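Student: What follows is input33.pdb, PDB, C-alpha atoms.
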MODEL        1
ATOM      1  CA  MET L 152      83.678  79.362 181.530  1.00  0.00           C
ATOM      2  CA  ILE L 153      81.314  82.337 181.799  1.00  0.00           C
ATOM      3  CA  PRO L 154      78.491  80.973 179.606  1.00  0.00           C
ATOM      4  CA  ILE L 155      78.363  77.573 181.292  1.00  0.00           C
ATOM      5  CA  SER L 156      78.600  79.120 184.776  1.00  0.00           C
ATOM      6  CA  LEU L 157      75.798  81.528 183.942  1.00  0.00           C
ATOM      7  CA  LEU L 158      73.624  78.687 182.645  1.00  0.00           C
ATOM      8  CA  GLN L 159      74.278  76.672 185.791  1.00  0.00           C
ATOM      9  CA  CYS L 160      73.379  79.683 187.980  1.00  0.00           C
ATOM     10  CA  VAL L 161      70.244  80.437 185.962  1.00  0.00           C
ATOM     11  CA  LEU L 162      69.052  76.835 186.311  1.00  0.00           C
ATOM     12  CA  LEU L 163      69.683  76.923 190.059  1.00  0.00           C
ATOM     13  CA  SER L 164      67.925  80.282 190.458  1.00  0.00           C
ATOM     14  CA  VAL L 165      64.929  79.279 188.326  1.00  0.00           C
ATOM     15  CA  GLY L 166      64.689  76.121 190.424  1.00  0.00           C
ATOM     16  CA  GLN L 167      64.513  78.268 193.560  1.00  0.00           C
ATOM     17  CA  VAL L 168      61.751  80.427 192.061  1.00  0.00           C
ATOM     18  CA  LEU L 169      59.750  77.357 191.064  1.00  0.00           C
ATOM     19  CA  LEU L 170      60.200  75.877 194.532  1.00  0.00           C
ATOM     20  CA  LYS L 171      58.887  79.091 196.089  1.00  0.00           C
ATOM     21  CA  PHE L 172      55.869  78.973 193.732  1.00  0.00           C
ATOM     22  CA  ALA L 173      55.151  75.375 194.708  1.00  0.00           C
ATOM     23  CA  LEU L 174      55.458  76.074 198.426  1.00  0.00           C
ATOM     24  CA  GLN L 175      53.040  78.991 198.187  1.00  0.00           C
ATOM     25  CA  ARG L 176      50.330  76.711 196.803  1.00  0.00           C
ATOM     26  CA  ILE L 177      50.346  73.951 199.415  1.00  0.00           C
ATOM     27  CA  PRO L 178      49.272  73.642 203.069  1.00  0.00           C
ATOM     28  CA  PRO L 179      51.655  74.710 205.862  1.00  0.00           C
ATOM     29  CA  PHE L 180      54.687  72.477 206.286  1.00  0.00           C
ATOM     30  CA  GLY L 181      54.134  69.264 208.172  1.00  0.00           C
ATOM     31  CA  TRP L 182      55.263  65.664 208.211  1.00  0.00           C
ATOM     32  CA  THR L 183      51.847  64.613 207.001  1.00  0.00           C
ATOM     33  CA  ARG L 184      50.787  62.592 204.010  1.00  0.00           C
ATOM     34  CA  GLU L 185      48.603  65.486 202.834  1.00  0.00           C
ATOM     35  CA  PHE L 186      51.534  67.901 202.799  1.00  0.00           C
ATOM     36  CA  TRP L 187      53.873  65.635 200.835  1.00  0.00           C
ATOM     37  CA  LEU L 188      51.212  64.572 198.330  1.00  0.00           C
ATOM     38  CA  SER L 189      50.233  68.170 197.694  1.00  0.00           C
ATOM     39  CA  LEU L 190      53.899  69.048 197.175  1.00  0.00           C
ATOM     40  CA  ILE L 191      54.738  66.297 194.690  1.00  0.00           C
ATOM     41  CA  CYS L 192      51.564  67.018 192.723  1.00  0.00           C
ATOM     42  CA  GLN L 193      52.718  70.574 191.972  1.00  0.00           C
ATOM     43  CA  TRP L 194      54.180  70.936 188.467  1.00  0.00           C
ATOM     44  CA  GLN L 195      56.366  73.755 189.798  1.00  0.00           C
ATOM     45  CA  PHE L 196      57.918  71.387 192.340  1.00  0.00           C
ATOM     46  CA  LEU L 197      58.581  68.723 189.729  1.00  0.00           C
ATOM     47  CA  THR L 198      60.059  71.299 187.335  1.00  0.00           C
ATOM     48  CA  CYS L 199      62.271  72.731 190.066  1.00  0.00           C
ATOM     49  CA  GLY L 200      63.652  69.217 190.537  1.00  0.00           C
ATOM     50  CA  VAL L 201      64.498  69.068 186.835  1.00  0.00           C
ATOM     51  CA  CYS L 202      66.252  72.456 187.099  1.00  0.00           C
ATOM     52  CA  PHE L 203      68.201  71.343 190.186  1.00  0.00           C
ATOM     53  CA  PHE L 204      69.216  68.104 188.477  1.00  0.00           C
ATOM     54  CA  ALA L 205      70.379  69.894 185.313  1.00  0.00           C
ATOM     55  CA  SER L 206      72.237  72.451 187.435  1.00  0.00           C
ATOM     56  CA  SER L 207      73.944  69.646 189.360  1.00  0.00           C
ATOM     57  CA  MET L 208      75.025  67.916 186.143  1.00  0.00           C
ATOM     58  CA  LEU L 209      76.503  71.188 184.865  1.00  0.00           C
ATOM     59  CA  TRP L 210      78.219  71.691 188.224  1.00  0.00           C
ATOM     60  CA  ILE L 211      79.855  68.262 187.919  1.00  0.00           C
ATOM     61  CA  TYR L 212      81.093  69.213 184.447  1.00  0.00           C
ATOM     62  CA  ILE L 213      82.341  72.599 185.668  1.00  0.00           C
ATOM     63  CA  LEU L 214      84.234  71.015 188.569  1.00  0.00           C
ATOM     64  CA  LYS L 215      85.838  68.481 186.250  1.00  0.00           C
ATOM     65  CA  ILE L 216      87.089  71.145 183.820  1.00  0.00           C
ATOM     66  CA  PHE L 217      87.840  74.272 185.899  1.00  0.00           C
ATOM     67  CA  PRO L 218      89.777  74.963 189.109  1.00  0.00           C
ATOM     68  CA  LEU L 219      87.566  74.777 192.211  1.00  0.00           C
ATOM     69  CA  GLY L 220      88.794  78.174 193.443  1.00  0.00           C
ATOM     70  CA  ILE L 221      87.378  79.856 190.353  1.00  0.00           C
ATOM     71  CA  ALA L 222      84.325  77.658 189.776  1.00  0.00           C
ATOM     72  CA  TYR L 223      82.983  77.970 193.323  1.00  0.00           C
ATOM     73  CA  GLN L 224      83.330  81.744 193.328  1.00  0.00           C
ATOM     74  CA  MET L 225      81.240  81.951 190.158  1.00  0.00           C
ATOM     75  CA  LEU L 226      78.341  80.385 192.103  1.00  0.00           C
ATOM     76  CA  SER L 227      77.952  83.751 193.828  1.00  0.00           C
ATOM     77  CA  LEU L 228      76.251  84.940 190.636  1.00  0.00           C
ATOM     78  CA  CYS L 229      73.276  82.853 191.788  1.00  0.00           C
ATOM     79  CA  TYR L 230      72.652  85.494 194.476  1.00  0.00           C
ATOM     80  CA  VAL L 231      72.424  88.201 191.835  1.00  0.00           C
ATOM     81  CA  ILE L 232      70.226  86.214 189.454  1.00  0.00           C
ATOM     82  CA  THR L 233      67.896  85.055 192.226  1.00  0.00           C
ATOM     83  CA  MET L 234      67.474  88.589 193.539  1.00  0.00           C
ATOM     84  CA  VAL L 235      66.601  89.904 190.084  1.00  0.00           C
ATOM     85  CA  LEU L 236      64.115  87.052 189.595  1.00  0.00           C
ATOM     86  CA  SER L 237      62.539  87.728 192.995  1.00  0.00           C
ATOM     87  CA  VAL L 238      61.907  91.321 191.920  1.00  0.00           C
ATOM     88  CA  LEU L 239      60.566  90.361 188.482  1.00  0.00           C
ATOM     89  CA  VAL L 240      58.468  87.362 189.522  1.00  0.00           C
ATOM     90  CA  PHE L 241      57.411  88.009 193.125  1.00  0.00           C
ATOM     91  CA  HIS L 242      57.572  91.829 193.017  1.00  0.00           C
ATOM     92  CA  GLU L 243      59.774  91.894 196.099  1.00  0.00           C
ATOM     93  CA  SER L 244      61.320  95.208 197.026  1.00  0.00           C
ATOM     94  CA  VAL L 245      65.086  95.320 197.315  1.00  0.00           C
ATOM     95  CA  PRO L 246      66.845  98.127 199.175  1.00  0.00           C
ATOM     96  CA  LEU L 247      69.704 100.027 197.579  1.00  0.00           C
ATOM     97  CA  HIS L 248      72.386  98.425 199.757  1.00  0.00           C
ATOM     98  CA  ARG L 249      71.476  94.971 198.379  1.00  0.00           C
ATOM     99  CA  TRP L 250      71.775  96.228 194.801  1.00  0.00           C
ATOM    100  CA  ILE L 251      75.188  97.618 195.712  1.00  0.00           C
ATOM    101  CA  GLY L 252      76.078  94.203 197.164  1.00  0.00           C
ATOM    102  CA  CYS L 253      75.070  92.560 193.886  1.00  0.00           C
ATOM    103  CA  LEU L 254      77.251  94.971 191.936  1.00  0.00           C
ATOM    104  CA  LEU L 255      80.159  94.101 194.215  1.00  0.00           C
ATOM    105  CA  ILE L 256      79.534  90.389 193.655  1.00  0.00           C
ATOM    106  CA  MET L 257      79.570  90.894 189.881  1.00  0.00           C
ATOM    107  CA  GLY L 258      82.738  92.958 190.148  1.00  0.00           C
ATOM    108  CA  GLY L 259      84.332  90.210 192.232  1.00  0.00           C
ATOM    109  CA  CYS L 260      83.458  87.610 189.602  1.00  0.00           C
ATOM    110  CA  ILE L 261      85.048  89.772 186.923  1.00  0.00           C
ATOM    111  CA  LEU L 262      88.219  90.063 189.005  1.00  0.00           C
ATOM    112  CA  ILE L 263      88.308  86.308 189.675  1.00  0.00           C
ATOM    113  CA  LEU L 264      88.185  85.572 185.959  1.00  0.00           C
ATOM    114  CA  LYS L 265      91.022  87.958 185.091  1.00  0.00           C
ATOM    115  CA  PRO L 266      94.168  86.026 184.143  1.00  0.00           C
TER     116      PRO L 266
ENDMDL
END
What is this file in structure tokens?
Tutor:
Amino acid sequence: MIPISLLQCVLLSVGQVLLKFALQRIPPFGWTREFWLSLICQWQFLTCGVCFFASSMLWIYILKIFPLGIAYQMLSLCYVITMVLSVLVFHESVPLHRWIGCLLIMGGCILILKP
């Protein structure tokens, strides 16, 4: 379960990073034709859609095979992966208490998977 859950979380997190990239390169949000055309013309936006789709397909597989109580808890790893990516890609600063929170999330996932 761990490898497939990690892959699903990585796809979801990479999709979020690509969405952020796309949104940084377009005009401010609006219900205008210009906004939506600029968004769908971004390769990052289109690629994030592919990542979200692949993540959703894996999620369907995970839900079919594993108990919901375990599978859903493993989604919390997305918080950890996305935070690490935000530091690596966007150079965001993360305070110590958030790193501690991520360690607690990872510890919780380990405990959930224990038989």
Student: Show me, as a PyMOL selection string, the residues that have an atom within 12 Å of range 186-188 of chain L when counting only C-alpha atoms, minus same-chain residues fewer than 4 positions from it.
Tutor: chain L and resi 173-174+176-182+192-193+196
Student: List, as a compact mmCIF listing (two decimals) with C-alpha atoms, in the coordinates of the input, every residue that the PyMOL selection byres ((chain L and resi 207) around 12) selects in the file provided.
Tutor:
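Everything below was put into selection-v4.txt:
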# COMPACT_ATOMS: atom_id res chain seq x y z
CA SER L 156 78.60 79.12 184.78
CA LEU L 158 73.62 78.69 182.64
CA GLN L 159 74.28 76.67 185.79
CA CYS L 160 73.38 79.68 187.98
CA VAL L 161 70.24 80.44 185.96
CA LEU L 162 69.05 76.83 186.31
CA LEU L 163 69.68 76.92 190.06
CA GLY L 166 64.69 76.12 190.42
CA GLY L 200 63.65 69.22 190.54
CA VAL L 201 64.50 69.07 186.84
CA CYS L 202 66.25 72.46 187.10
CA PHE L 203 68.20 71.34 190.19
CA PHE L 204 69.22 68.10 188.48
CA ALA L 205 70.38 69.89 185.31
CA SER L 206 72.24 72.45 187.44
CA MET L 208 75.03 67.92 186.14
CA LEU L 209 76.50 71.19 184.86
CA TRP L 210 78.22 71.69 188.22
CA ILE L 211 79.86 68.26 187.92
CA TYR L 212 81.09 69.21 184.45
CA ILE L 213 82.34 72.60 185.67
CA LEU L 214 84.23 71.02 188.57
CA LEU L 226 78.34 80.39 192.10
Student: Tell me, in Å to one decimal, how far CA of Val231 in chain L is from CA of Trp194 in chain L.
Tutor: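 Result for CA of Val231 in chain L versus CA of Trp194 in chain L: 25.3 Å, one decimal.
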Student: Here is a test: counting all atoms listed in the file, which residue of L:Leu157, L:Met152, L:Leu169, L:Ile256 is nearest to Val240 in chain L?
Tutor: L:Leu169
Student: Which polymer residues have any atom within 8 Å of an atom of Cys260 in chain L, counting all atoms listed in the file, with same-chain residues fewer than 5 positions away left out, as an NGL selection string?
Tutor: :L and (224-225 or 227-228)
Student: Could you check how far CA of Ser189 in chain L sits from CA of Met234 in chain L, in Å to one decimal?
Tutor: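 Result for CA of Ser189 in chain L versus CA of Met234 in chain L: 27.0 Å, one decimal.
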Student: May I ask for the distance between CA of Ile155 in chain L and CA of Val168 in chain L, given in Å to one decimal place?
Tutor: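 Pair CA of Ile155 in chain L / CA of Val168 in chain L returns 20.0 Å.
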Student: From the set L:Leu170, L:Leu247, L:Val165, L:Ile263, which residue has the shortest atom-to-atom contact distance to Tyr223 in chain L, counting all atoms listed in the file?
Tutor: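 The closest residue to Tyr223 in chain L is L:Ile263.
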Student: Quick one: 5 Å padding each side, axis-aligned, all listed atoms of range 189-192 of chain L - centre and edge lengths in Å to one decimal, as JSON?
Tutor:
{"center_x": 52.5, "center_y": 67.7, "center_z": 195.2, "size_x": 14.5, "size_y": 12.8, "size_z": 15.0}
Student: Could you check which of L:Pro154, L:Thr183, L:Ala222, L:Ser164 is closest to Val235 in chain L, using all atoms listed in the file?
Tutor: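 Closest residue, counting all atoms listed in the file: L:Ser164.
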